[in-house]
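Please read the structure below before turning to the comments.
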Amino acid sequence: SAHEGTSPASQSAGGLSELAAPILQPTPLALLPHAELFATLGAVTGITWVHPTHLLVAAANGLAQIAVDAGDGLTVAASTTLTAAANPASRSTTTSVAAVAGSPHDPAAALAAWGRDVVVWDVRERAAGAGEGGAVMRDAHVFGVSDVGWNPNRRFEVASVGEDGCLCVWDVRRTEMPMIAVVAHEVPHAACRVAYNPFHDRLILTSGTDGVVRLWDLERARPEPDRAGKGGGGGVGDVLSPGRGGRGGGLREPMCAFPHHDDSVYGLAWSGADEFAFASVSYDGRLVVNALPKSVKDEVLLS
């Protein structure tokens with residue numbers, strides 16, 4: 001039976017094959033050959049605009065910052081690369097940058113999931129060859145950071161998920177421990193993606209290798225947890241110590257869960273038009289569009 005307020009893809013009579021519109025294939029405005037920049041960086045894992053004229057590319061062996069000249073068409077004006085060995089902001093032994101996200105508050109700032117660290121990147125400092133990339137949440141996740149995201153309304157709040165299955169919410173001004181740390185996806189499963197709701201920043205989605213998308217309400221977080229664990233263990237909803245002997249606020253349980261995938265969920269996106277709708281996509285190619293249950297909508301709108 002279908003869950004309240006949801007629209008799983010398996011219930012739809014149609015599909016992408018029914019779309020009759022022709023697929024456009026426009027000519028690229030700028031092309032950068034792989035050999036020129038990414039030969040030393042390996043496989044690309046993500047890309048984001050940071051400054052109006054800069055791109056930040058995440059890759060298996062580091063980051064690439066690309067300056068784009070928009071004068072007479074888009075052309076690559078300059079590029080720089082940074083590997084883990086040359087990054088003084090990170091002590092992580094893992095070189096891979098799993099994800100990168102531009103800041104909705106500062107056009108020159110970005111957030112990177114670099115090995116086990118969460119790094120706040122300042123394009124202006126890095127372009128000038130100075131600084132250490134801003135704030136660093138060291139050893140944010142035991143086995144590595146999978147994804148990062150900015151709170152759309154609070155410039156100093158960011159979130160991360162990791163291969164330890166945890167969701168962490170951070171204040172970048174206080175990087176020693178997260179404000180919130182909770183098991184979002186139970187070990188041995190990893191958490192793959194995190195996404196703040198663009199309209200209601202108290203709502204945040206996580207997805208994992210367990211094929212489940214979970215909705216969390218950050219308003220339910222308390223400054224002190226009922227119980228504390230260690231490392232990356234425990235069941236879904238268990239509150240964890242941040243891993244350095246400290247304590248962080250926690251969530252009791254997710255608002256709801258969407259178990260509509262049979263494989264790891266590697267993509268999450270909130271709707272830009274409907275504040276309570278989102279899409280998820282899994283490794284096997286299944287795309288699911290969901291709407292939050294009425295009970296959740298009422299709680300958010302009336303509280």
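Here's how to read the names in the structure tokens: chain A, B, ... by the order shown, residue numbers from 1 in each chain, ligand numbers from 1 in the order shown.
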
Alpha helix (DSSP H) residues, from DSSP on the backbone, in segment 109-196 of chain A, as a VMD selection string: chain A and resid 123 to 127

Top pick for closest residue to His141 of chain A, considering A:Pro107, A:Pro178, A:Gly211, A:Gly42 and counting only C-alpha atoms: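 Selected residue with least distance to His141 of chain A: A:Pro178.
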
Residues of segment 140-221 of chain A in strand (DSSP E or B), written as a ChimeraX atom specification: /A:145-150,157-162,166-171,174,180-183,191-196,203-208,213-217

8 Å contact set for Thr175 of chain A, only C-alpha atoms, chain neighbours under 6 positions out, as a ChimeraX atom specification: /A:135-138

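The neighbours of Leu56 of chain A here are the residues that come within 8 Å of it, using only C-alpha atoms and leaving out any residue fewer than 4 positions away in the same chain; they are A:Ile47, A:Thr48, A:Trp49, A:Val50, A:Leu63, A:Ala64, A:Gln65, A:Ile66, A:Val100.
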
Could the residues in this selection be saved with N, CA, C and O atoms as a PDB file, in the first residue's frame?
ATOM      1  N   ILE A  47      30.436  19.481  -9.074  1.00  0.00           N
ATOM      2  CA  ILE A  47      30.813  20.794  -9.585  1.00  0.00           C
ATOM      3  C   ILE A  47      29.807  21.820  -9.085  1.00  0.00           C
ATOM      4  O   ILE A  47      28.627  21.516  -8.898  1.00  0.00           O
ATOM      5  N   THR A  48      30.283  23.054  -8.811  1.00  0.00           N
ATOM      6  CA  THR A  48      29.384  24.113  -8.376  1.00  0.00           C
ATOM      7  C   THR A  48      29.963  25.464  -8.780  1.00  0.00           C
ATOM      8  O   THR A  48      31.184  25.643  -8.857  1.00  0.00           O
ATOM      9  N   TRP A  49      29.061  26.420  -9.083  1.00  0.00           N
ATOM     10  CA  TRP A  49      29.488  27.805  -9.232  1.00  0.00           C
ATOM     11  C   TRP A  49      29.695  28.375  -7.832  1.00  0.00           C
ATOM     12  O   TRP A  49      28.865  28.192  -6.960  1.00  0.00           O
ATOM     13  N   VAL A  50      30.805  29.082  -7.631  1.00  0.00           N
ATOM     14  CA  VAL A  50      31.039  29.712  -6.345  1.00  0.00           C
ATOM     15  C   VAL A  50      31.031  31.230  -6.476  1.00  0.00           C
ATOM     16  O   VAL A  50      30.227  31.919  -5.885  1.00  0.00           O
ATOM     17  N   LEU A  63      40.701  19.219  -5.518  1.00  0.00           N
ATOM     18  CA  LEU A  63      39.786  20.228  -6.046  1.00  0.00           C
ATOM     19  C   LEU A  63      40.425  20.963  -7.213  1.00  0.00           C
ATOM     20  O   LEU A  63      41.648  21.111  -7.270  1.00  0.00           O
ATOM     21  N   ALA A  64      39.584  21.440  -8.122  1.00  0.00           N
ATOM     22  CA  ALA A  64      40.036  22.314  -9.196  1.00  0.00           C
ATOM     23  C   ALA A  64      39.200  23.576  -9.166  1.00  0.00           C
ATOM     24  O   ALA A  64      37.974  23.514  -9.111  1.00  0.00           O
ATOM     25  N   GLN A  65      39.862  24.715  -9.155  1.00  0.00           N
ATOM     26  CA  GLN A  65      39.181  26.005  -9.230  1.00  0.00           C
ATOM     27  C   GLN A  65      39.393  26.570 -10.618  1.00  0.00           C
ATOM     28  O   GLN A  65      40.521  26.734 -11.079  1.00  0.00           O
ATOM     29  N   ILE A  66      38.288  26.876 -11.319  1.00  0.00           N
ATOM     30  CA  ILE A  66      38.337  27.318 -12.707  1.00  0.00           C
ATOM     31  C   ILE A  66      37.764  28.720 -12.813  1.00  0.00           C
ATOM     32  O   ILE A  66      36.627  28.956 -12.414  1.00  0.00           O
ATOM     33  N   VAL A 100      30.819  18.958  -3.339  1.00  0.00           N
ATOM     34  CA  VAL A 100      31.092  20.376  -3.149  1.00  0.00           C
ATOM     35  C   VAL A 100      29.781  21.128  -3.314  1.00  0.00           C
ATOM     36  O   VAL A 100      28.925  20.743  -4.112  1.00  0.00           O
TER      37      VAL A 100
END

Coordinates-based distance that separates atom CA of Val289 of chain A from atom CA of Ala59 of chain A (Å, one decimal):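 A separation of 28.8 Å between them.
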
Distance query Pro152 of chain A at most 8 Å, only C-alpha atoms, self and fewer than 3 positions along chain excluded, as a PyMOL selection string: chain A and resi 104-105+155+196-198+201

Pick from A:Ala190, A:Cys256, A:Val97, A:Ala108, whichever lies nearest to Val148 of chain A using only C-alpha atoms: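 The closest residue to Val148 of chain A is A:Val97.
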
Using only C-alpha atoms: which of A:Asp171, A:Asp117, A:Glu219, A:Glu176 has the shortest distance to Val145 of chain A: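 Answer, going by the shortest atom-to-atom distance: A:Asp117.
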